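Below is one structure, written out as structure tokens; comments come after it.
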Amino acid sequence: MSPMIHDALPTASVALLNYVLAALGCDDPAPLFGNSGLPGAVECLEHNVIVAMTPVTAPMFGPALLRCAGTRRRDTLLVRHGFQPETIDPVRVDVALRSVTGPLLLKDLSFFRHRDRSLHLVPEAAGLSVKLGQHGVEIGDRLPWDSLWDRAAGLESAATQIVLACRRQHRG
């Protein structure tokens, strides 16, 4: 990651950004220039994705997220993590998916690590899920678990990985 990006973000933001970029397979993110209204944002040009991070846990960036996704025509993720990700502060992700009729906003998604090691963003209950992978952001109409036990295991696995990533000496 660019030293300029690394120095501008709080360490938990850097750890979570690296976590998301690793799932996407984005090796060379570019800083998002211009007034996007999104904090700590980078672009993965090869995946057509923008990823932004903030320690602000309140869902206050929805309009900026929609505007950025609409004007730049990229799927846009905003990870809201607090200062103690998954230990005190839950990590939530808001996603603006580009579409023909305008961006579609999915709010308050949680990280979910599937048994096959793929990383997903899932809603609290029913709804659309998002898979993060080598092809960028893929929307799913089926949730990636078979049972409530499977759901709990996937949420716990992702939360554990996030805590470990944020506690590492070099973060990320």
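In the structure tokens, the first chain shown is A, the next is B, and so on; residue numbers restart at 1 for each chain, and ligands run from 1 in the order shown.
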Determine which residues of chain A DSSP labels as strand (DSSP E or B) from the backbone of this structure, then write them out as a tab-separated table (two decimals) with all heavy atoms, in the first residue's frame.
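That gives us part.tsv:
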```tsv
chain	number	residue	atom	x	y	z
A	30	ALA	N	-5.14	2.74	-5.53
A	30	ALA	CA	-4.78	4.14	-5.77
A	30	ALA	C	-5.62	5.02	-4.86
A	30	ALA	O	-6.80	4.76	-4.66
A	30	ALA	CB	-5.05	4.50	-7.23
A	31	PRO	N	-5.02	6.07	-4.29
A	31	PRO	CA	-5.82	6.99	-3.46
A	31	PRO	C	-6.94	7.59	-4.30
A	31	PRO	O	-6.76	7.85	-5.49
A	31	PRO	CB	-4.83	8.06	-3.03
A	31	PRO	CG	-3.49	7.64	-3.50
A	31	PRO	CD	-3.64	6.49	-4.43
A	42	VAL	N	-9.79	4.47	-1.25
A	42	VAL	CA	-8.87	4.05	-2.31
A	42	VAL	C	-9.69	3.39	-3.42
A	42	VAL	O	-10.80	2.92	-3.20
A	42	VAL	CB	-7.79	3.07	-1.81
A	42	VAL	CG1	-6.91	3.70	-0.76
A	42	VAL	CG2	-8.40	1.78	-1.30
A	43	GLU	N	-9.09	3.36	-4.62
A	43	GLU	CA	-9.72	2.72	-5.77
A	43	GLU	C	-8.96	1.46	-6.15
A	43	GLU	O	-7.73	1.46	-6.15
A	43	GLU	CB	-9.70	3.64	-6.99
A	43	GLU	CG	-10.58	4.84	-6.90
A	43	GLU	CD	-10.50	5.69	-8.15
A	43	GLU	OE1	-9.49	6.39	-8.31
A	43	GLU	OE2	-11.44	5.63	-8.97
A	44	CYS	N	-9.68	0.42	-6.47
A	44	CYS	CA	-9.11	-0.78	-7.07
A	44	CYS	C	-9.59	-0.76	-8.51
A	44	CYS	O	-10.69	-1.23	-8.82
A	44	CYS	CB	-9.59	-2.03	-6.37
A	44	CYS	SG	-9.04	-2.16	-4.68
A	49	VAL	N	-13.82	-1.00	-8.06
A	49	VAL	CA	-14.33	-0.88	-6.69
A	49	VAL	C	-13.62	0.26	-5.97
A	49	VAL	O	-12.42	0.45	-6.13
A	49	VAL	CB	-14.10	-2.20	-5.91
A	49	VAL	CG1	-14.52	-2.07	-4.46
A	49	VAL	CG2	-14.82	-3.36	-6.57
A	50	ILE	N	-14.38	0.97	-5.16
A	50	ILE	CA	-13.84	1.97	-4.24
A	50	ILE	C	-14.07	1.44	-2.83
A	50	ILE	O	-15.15	0.96	-2.52
A	50	ILE	CB	-14.53	3.34	-4.42
A	50	ILE	CG1	-14.23	3.90	-5.81
A	50	ILE	CG2	-14.10	4.32	-3.33
A	50	ILE	CD1	-15.05	5.13	-6.17
A	51	VAL	N	-13.04	1.53	-1.99
A	51	VAL	CA	-13.14	1.08	-0.60
A	51	VAL	C	-12.76	2.25	0.29
A	51	VAL	O	-11.71	2.86	0.12
A	51	VAL	CB	-12.20	-0.11	-0.31
A	51	VAL	CG1	-12.36	-0.59	1.12
A	51	VAL	CG2	-12.46	-1.25	-1.29
A	52	ALA	N	-13.64	2.57	1.24
A	52	ALA	CA	-13.39	3.66	2.18
A	52	ALA	C	-13.50	3.14	3.61
A	52	ALA	O	-14.24	2.18	3.87
A	52	ALA	CB	-14.38	4.81	1.95
A	53	MET	N	-12.77	3.76	4.53
A	53	MET	CA	-12.74	3.35	5.93
A	53	MET	C	-13.01	4.54	6.83
A	53	MET	O	-12.56	5.65	6.53
A	53	MET	CB	-11.34	2.83	6.30
A	53	MET	CG	-10.86	1.68	5.51
A	53	MET	SD	-11.73	0.21	6.03
A	53	MET	CE	-11.65	-0.72	4.53
A	54	THR	N	-13.71	4.30	7.94
A	54	THR	CA	-13.88	5.35	8.93
A	54	THR	C	-14.05	4.74	10.31
A	54	THR	O	-14.71	3.71	10.47
A	54	THR	CB	-15.09	6.25	8.61
A	54	THR	OG1	-15.17	7.29	9.59
A	54	THR	CG2	-16.40	5.48	8.58
A	75	ASP	N	-18.67	0.22	-7.83
A	75	ASP	CA	-19.20	-0.30	-6.58
A	75	ASP	C	-18.37	0.33	-5.47
A	75	ASP	O	-17.14	0.41	-5.57
A	75	ASP	CB	-19.09	-1.82	-6.54
A	75	ASP	CG	-19.95	-2.49	-7.60
A	75	ASP	OD1	-21.05	-2.00	-7.87
A	75	ASP	OD2	-19.50	-3.52	-8.14
A	76	THR	N	-19.03	0.79	-4.41
A	76	THR	CA	-18.34	1.54	-3.36
A	76	THR	C	-18.68	0.96	-1.99
A	76	THR	O	-19.85	0.80	-1.66
A	76	THR	CB	-18.73	3.03	-3.43
A	76	THR	OG1	-18.51	3.50	-4.77
A	76	THR	CG2	-17.92	3.86	-2.47
A	77	LEU	N	-17.64	0.65	-1.22
A	77	LEU	CA	-17.80	0.10	0.12
A	77	LEU	C	-17.31	1.10	1.15
A	77	LEU	O	-16.25	1.71	0.96
A	77	LEU	CB	-16.96	-1.17	0.28
A	77	LEU	CG	-17.38	-2.46	-0.39
A	77	LEU	CD1	-17.25	-2.38	-1.88
A	77	LEU	CD2	-16.56	-3.60	0.15
A	78	LEU	N	-18.04	1.25	2.22
A	78	LEU	CA	-17.61	2.06	3.36
A	78	LEU	C	-17.63	1.18	4.60
A	78	LEU	O	-18.70	0.70	5.00
A	78	LEU	CB	-18.51	3.27	3.56
A	78	LEU	CG	-18.20	4.09	4.81
A	78	LEU	CD1	-16.84	4.78	4.67
A	78	LEU	CD2	-19.28	5.10	5.09
A	79	VAL	N	-16.46	0.96	5.18
A	79	VAL	CA	-16.34	0.14	6.38
A	79	VAL	C	-16.32	1.07	7.59
A	79	VAL	O	-15.44	1.91	7.72
A	79	VAL	CB	-15.06	-0.74	6.34
A	79	VAL	CG1	-14.95	-1.58	7.60
A	79	VAL	CG2	-15.05	-1.60	5.10
A	80	ARG	N	-17.32	0.91	8.48
A	80	ARG	CA	-17.42	1.69	9.72
A	80	ARG	C	-17.00	0.78	10.86
A	80	ARG	O	-17.65	-0.22	11.11
A	80	ARG	CB	-18.86	2.16	9.92
A	80	ARG	CG	-19.36	3.06	8.82
A	80	ARG	CD	-20.80	3.54	9.03
A	80	ARG	NE	-21.76	2.49	8.71
A	80	ARG	CZ	-22.63	1.97	9.56
A	80	ARG	NH1	-22.67	2.36	10.82
A	80	ARG	NH2	-23.46	1.03	9.18
A	85	PRO	N	-12.32	-2.37	16.80
A	85	PRO	CA	-13.12	-3.20	15.90
A	85	PRO	C	-13.38	-4.60	16.43
A	85	PRO	O	-12.46	-5.33	16.78
A	85	PRO	CB	-12.29	-3.25	14.62
A	85	PRO	CG	-11.39	-2.07	14.70
A	85	PRO	CD	-11.12	-1.85	16.15
A	89	ASP	N	-16.52	-2.23	19.37
A	89	ASP	CA	-17.29	-1.63	18.29
A	89	ASP	C	-17.56	-2.66	17.19
A	89	ASP	O	-16.61	-3.22	16.63
A	89	ASP	CB	-16.53	-0.45	17.66
A	89	ASP	CG	-16.18	0.61	18.69
A	89	ASP	OD1	-17.10	1.07	19.38
A	89	ASP	OD2	-15.00	0.97	18.79
A	92	ARG	N	-19.33	-2.61	10.63
A	92	ARG	CA	-20.43	-2.65	9.68
A	92	ARG	C	-19.98	-2.06	8.36
A	92	ARG	O	-19.15	-1.15	8.33
A	92	ARG	CB	-21.65	-1.90	10.19
A	92	ARG	CG	-22.26	-2.49	11.45
A	92	ARG	CD	-22.84	-3.89	11.18
A	92	ARG	NE	-23.36	-4.50	12.38
A	92	ARG	CZ	-22.72	-5.41	13.11
A	92	ARG	NH1	-21.52	-5.81	12.77
A	92	ARG	NH2	-23.27	-5.92	14.18
A	93	VAL	N	-20.56	-2.56	7.28
A	93	VAL	CA	-20.19	-2.11	5.94
A	93	VAL	C	-21.44	-1.65	5.21
A	93	VAL	O	-22.46	-2.34	5.21
A	93	VAL	CB	-19.50	-3.23	5.14
A	93	VAL	CG1	-19.04	-2.71	3.78
A	93	VAL	CG2	-18.34	-3.83	5.92
A	94	ASP	N	-21.35	-0.46	4.63
A	94	ASP	CA	-22.39	0.04	3.75
A	94	ASP	C	-21.85	-0.08	2.33
A	94	ASP	O	-20.69	0.25	2.07
A	94	ASP	CB	-22.73	1.50	4.06
A	94	ASP	CG	-23.22	1.68	5.49
A	94	ASP	OD1	-23.88	0.77	6.02
A	94	ASP	OD2	-22.94	2.74	6.08
A	95	VAL	N	-22.68	-0.55	1.42
A	95	VAL	CA	-22.25	-0.80	0.04
A	95	VAL	C	-23.21	-0.10	-0.91
A	95	VAL	O	-24.42	-0.27	-0.80
A	95	VAL	CB	-22.22	-2.31	-0.28
A	95	VAL	CG1	-21.78	-2.55	-1.71
A	95	VAL	CG2	-21.34	-3.06	0.70
A	96	ALA	N	-22.65	0.67	-1.83
A	96	ALA	CA	-23.44	1.26	-2.91
A	96	ALA	C	-23.05	0.51	-4.19
A	96	ALA	O	-21.92	0.59	-4.65
A	96	ALA	CB	-23.16	2.75	-3.05
A	97	LEU	N	-24.00	-0.25	-4.71
A	97	LEU	CA	-23.76	-1.04	-5.91
A	97	LEU	C	-24.23	-0.25	-7.13
A	97	LEU	O	-25.34	0.28	-7.14
A	97	LEU	CB	-24.53	-2.36	-5.84
A	97	LEU	CG	-24.15	-3.28	-4.69
A	97	LEU	CD1	-25.18	-4.38	-4.53
A	97	LEU	CD2	-22.77	-3.86	-4.94
A	104	LEU	N	-27.59	1.28	-5.76
A	104	LEU	CA	-28.42	0.58	-4.80
A	104	LEU	C	-27.64	0.52	-3.49
A	104	LEU	O	-26.51	0.03	-3.47
A	104	LEU	CB	-28.73	-0.83	-5.30
A	104	LEU	CG	-29.37	-1.81	-4.33
A	104	LEU	CD1	-30.79	-1.35	-3.99
A	104	LEU	CD2	-29.38	-3.20	-4.91
A	105	LEU	N	-28.22	1.01	-2.41
A	105	LEU	CA	-27.52	1.07	-1.12
A	105	LEU	C	-27.93	-0.10	-0.22
A	105	LEU	O	-29.11	-0.31	0.05
A	105	LEU	CB	-27.82	2.39	-0.42
A	105	LEU	CG	-27.10	2.65	0.89
A	105	LEU	CD1	-25.59	2.70	0.69
A	105	LEU	CD2	-27.58	3.96	1.51
A	106	LEU	N	-26.93	-0.87	0.21
A	106	LEU	CA	-27.11	-1.92	1.20
A	106	LEU	C	-26.41	-1.44	2.47
A	106	LEU	O	-25.23	-1.13	2.44
A	106	LEU	CB	-26.50	-3.23	0.72
A	106	LEU	CG	-26.97	-3.76	-0.64
A	106	LEU	CD1	-26.20	-5.02	-1.00
A	106	LEU	CD2	-28.45	-4.02	-0.62
A	107	LYS	N	-27.15	-1.40	3.58
A	107	LYS	CA	-26.59	-0.82	4.81
A	107	LYS	C	-26.41	-1.87	5.90
A	107	LYS	O	-27.10	-2.88	5.94
A	107	LYS	CB	-27.53	0.27	5.33
A	107	LYS	CG	-27.68	1.43	4.39
A	107	LYS	CD	-28.42	2.59	5.01
A	107	LYS	CE	-29.89	2.29	5.11
A	107	LYS	NZ	-30.67	3.43	5.58
A	108	ASP	N	-25.46	-1.57	6.76
A	108	ASP	CA	-25.22	-2.35	7.99
A	108	ASP	C	-24.95	-3.82	7.74
A	108	ASP	O	-25.46	-4.69	8.44
A	108	ASP	CB	-26.39	-2.19	8.96
A	108	ASP	CG	-26.52	-0.79	9.49
A	108	ASP	OD1	-25.47	-0.15	9.71
A	108	ASP	OD2	-27.66	-0.31	9.68
A	109	LEU	N	-24.11	-4.11	6.76
A	109	LEU	CA	-23.73	-5.50	6.49
A	109	LEU	C	-22.57	-5.89	7.40
A	109	LEU	O	-21.78	-5.05	7.82
A	109	LEU	CB	-23.32	-5.66	5.02
A	109	LEU	CG	-24.38	-5.28	3.99
A	109	LEU	CD1	-23.80	-5.41	2.58
A	109	LEU	CD2	-25.63	-6.12	4.14
A	110	SER	N	-22.49	-7.17	7.70
A	110	SER	CA	-21.41	-7.71	8.54
A	110	SER	C	-20.51	-8.59	7.69
A	110	SER	O	-20.95	-9.22	6.74
A	110	SER	CB	-22.00	-8.55	9.67
A	110	SER	OG	-22.83	-7.78	10.50
A	111	PHE	N	-19.24	-8.67	8.10
A	111	PHE	CA	-18.31	-9.59	7.44
A	111	PHE	C	-18.67	-11.02	7.82
A	111	PHE	O	-19.00	-11.31	8.98
A	111	PHE	CB	-16.87	-9.29	7.84
A	111	PHE	CG	-16.29	-8.09	7.16
A	111	PHE	CD1	-16.16	-6.90	7.83
A	111	PHE	CD2	-15.88	-8.16	5.83
A	111	PHE	CE1	-15.63	-5.78	7.21
A	111	PHE	CE2	-15.35	-7.05	5.19
A	111	PHE	CZ	-15.22	-5.86	5.88
A	112	PHE	N	-18.56	-11.92	6.86
A	112	PHE	CA	-18.87	-13.33	7.04
A	112	PHE	C	-17.81	-14.14	6.28
A	112	PHE	O	-17.63	-13.96	5.08
A	112	PHE	CB	-20.26	-13.63	6.46
A	112	PHE	CG	-20.66	-15.08	6.50
A	112	PHE	CD1	-21.33	-15.61	7.59
A	112	PHE	CD2	-20.39	-15.92	5.43
A	112	PHE	CE1	-21.71	-16.95	7.62
A	112	PHE	CE2	-20.76	-17.26	5.44
A	112	PHE	CZ	-21.43	-17.77	6.54
A	113	ARG	N	-17.09	-15.01	6.98
A	113	ARG	CA	-16.08	-15.86	6.34
A	113	ARG	C	-16.71	-17.24	6.12
A	113	ARG	O	-17.04	-17.94	7.07
A	113	ARG	CB	-14.83	-15.97	7.22
A	113	ARG	CG	-13.71	-16.75	6.60
A	113	ARG	CD	-13.17	-16.17	5.33
A	113	ARG	NE	-12.31	-15.02	5.58
A	113	ARG	CZ	-11.62	-14.39	4.65
A	113	ARG	NH1	-11.67	-14.80	3.40
A	113	ARG	NH2	-10.89	-13.34	4.95
A	119	LEU	N	-14.95	-14.41	1.37
A	119	LEU	CA	-15.40	-13.35	2.27
A	119	LEU	C	-16.67	-12.72	1.72
A	119	LEU	O	-16.72	-12.35	0.54
A	119	LEU	CB	-14.30	-12.29	2.44
A	119	LEU	CG	-14.57	-11.22	3.48
A	119	LEU	CD1	-14.70	-11.82	4.88
A	119	LEU	CD2	-13.45	-10.18	3.47
A	120	HIS	N	-17.67	-12.61	2.57
A	120	HIS	CA	-18.96	-12.06	2.19
A	120	HIS	C	-19.34	-10.91	3.12
A	120	HIS	O	-18.83	-10.82	4.24
A	120	HIS	CB	-20.05	-13.14	2.29
A	120	HIS	CG	-19.81	-14.31	1.41
A	120	HIS	ND1	-20.47	-14.51	0.23
A	120	HIS	CD2	-18.97	-15.37	1.54
A	120	HIS	CE1	-20.06	-15.63	-0.33
A	120	HIS	NE2	-19.14	-16.17	0.45
A	121	LEU	N	-20.26	-10.09	2.65
A	121	LEU	CA	-20.91	-9.08	3.47
A	121	LEU	C	-22.37	-9.48	3.53
A	121	LEU	O	-23.01	-9.65	2.48
A	121	LEU	CB	-20.75	-7.69	2.84
A	121	LEU	CG	-19.31	-7.24	2.64
A	121	LEU	CD1	-19.27	-5.95	1.82
A	121	LEU	CD2	-18.61	-7.05	3.98
A	122	VAL	N	-22.89	-9.65	4.75
A	122	VAL	CA	-24.23	-10.21	4.90
A	122	VAL	C	-25.11	-9.31	5.77
A	122	VAL	O	-24.62	-8.63	6.67
A	122	VAL	CB	-24.17	-11.63	5.49
A	122	VAL	CG1	-23.42	-12.57	4.56
A	122	VAL	CG2	-23.55	-11.64	6.87
A	129	SER	N	-26.84	-10.28	-0.21
A	129	SER	CA	-25.49	-10.37	0.33
A	129	SER	C	-24.51	-10.00	-0.78
A	129	SER	O	-24.88	-9.92	-1.95
A	129	SER	CB	-25.20	-11.78	0.85
A	129	SER	OG	-25.20	-12.71	-0.20
A	130	VAL	N	-23.26	-9.77	-0.40
A	130	VAL	CA	-22.22	-9.37	-1.33
A	130	VAL	C	-21.01	-10.26	-1.08
A	130	VAL	O	-20.63	-10.48	0.07
A	130	VAL	CB	-21.84	-7.89	-1.12
A	130	VAL	CG1	-20.65	-7.51	-1.96
A	130	VAL	CG2	-23.02	-6.98	-1.41
A	131	LYS	N	-20.42	-10.78	-2.16
A	131	LYS	CA	-19.19	-11.56	-2.05
A	131	LYS	C	-18.04	-10.70	-2.56
A	131	LYS	O	-18.15	-10.08	-3.61
A	131	LYS	CB	-19.30	-12.83	-2.89
A	131	LYS	CG	-18.06	-13.70	-2.83
A	131	LYS	CD	-18.24	-14.95	-3.67
A	131	LYS	CE	-16.99	-15.81	-3.63
A	131	LYS	NZ	-17.15	-17.00	-4.49
A	132	LEU	N	-16.96	-10.66	-1.78
A	132	LEU	CA	-15.75	-9.95	-2.18
A	132	LEU	C	-14.75	-10.98	-2.67
A	132	LEU	O	-14.42	-11.91	-1.94
A	132	LEU	CB	-15.16	-9.18	-1.00
A	132	LEU	CG	-16.09	-8.20	-0.30
A	132	LEU	CD1	-15.39	-7.56	0.89
A	132	LEU	CD2	-16.59	-7.14	-1.25
A	133	GLY	N	-14.27	-10.81	-3.90
A	133	GLY	CA	-13.34	-11.79	-4.42
A	133	GLY	C	-12.53	-11.28	-5.58
A	133	GLY	O	-12.52	-10.07	-5.87
A	136	GLY	N	-13.99	-8.85	-7.97
A	136	GLY	CA	-14.55	-7.63	-7.40
A	136	GLY	C	-15.73	-7.93	-6.50
A	136	GLY	O	-15.70	-8.88	-5.71
A	137	VAL	N	-16.77	-7.14	-6.63
A	137	VAL	CA	-17.97	-7.27	-5.80
A	137	VAL	C	-19.03	-8.03	-6.59
A	137	VAL	O	-19.37	-7.66	-7.71
A	137	VAL	CB	-18.49	-5.86	-5.42
A	137	VAL	CG1	-19.81	-5.96	-4.69
A	137	VAL	CG2	-17.46	-5.13	-4.57
A	138	GLU	N	-19.52	-9.12	-6.00
A	138	GLU	CA	-20.56	-9.91	-6.63
A	138	GLU	C	-21.78	-9.95	-5.71
A	138	GLU	O	-21.66	-10.32	-4.55
A	138	GLU	CB	-20.08	-11.34	-6.88
A	138	GLU	CG	-18.88	-11.45	-7.79
A	138	GLU	CD	-18.37	-12.87	-7.90
A	138	GLU	OE1	-19.16	-13.83	-7.74
A	138	GLU	OE2	-17.16	-13.04	-8.13
A	139	ILE	N	-22.92	-9.57	-6.24
A	139	ILE	CA	-24.14	-9.57	-5.44
A	139	ILE	C	-24.76	-10.96	-5.45
A	139	ILE	O	-24.70	-11.66	-6.46
A	139	ILE	CB	-25.13	-8.49	-5.93
A	139	ILE	CG1	-26.26	-8.31	-4.94
A	139	ILE	CG2	-25.66	-8.83	-7.30
A	139	ILE	CD1	-27.02	-7.04	-5.12
A	140	GLY	N	-25.31	-11.35	-4.31
A	140	GLY	CA	-25.95	-12.65	-4.21
A	140	GLY	C	-27.36	-12.52	-3.67
A	140	GLY	O	-27.61	-11.72	-2.76
```
Requested in this report: Compile the contact shell of A:Glu86 as a ChimeraX atom specification: residues with an atom at most 9 Å away, counting only C-alpha atoms, same-chain residues fewer than 6 positions apart removed.
Outcome: /A:159-160,162-163
Query raised in the report: For A:Asn48, which residue among A:Arg72, A:Arg117, A:Ala165, A:Val14 is the nearest when counting only C-alpha atoms?
Result: A:Arg72
Query raised in the report: atom CA of A:Ala23 and atom CA of A:Gly40, how far apart in Å?
Result: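 About the pair atom CA of A:Gly40 and atom CA of A:Ala23: they are 18.1 Å apart.
Take the candidates A:Pro63, A:Pro123, A:Pro144, A:Pro29 and check each one against A:His47 using only C-alpha atoms; the shortest distance goes to A:Pro29.
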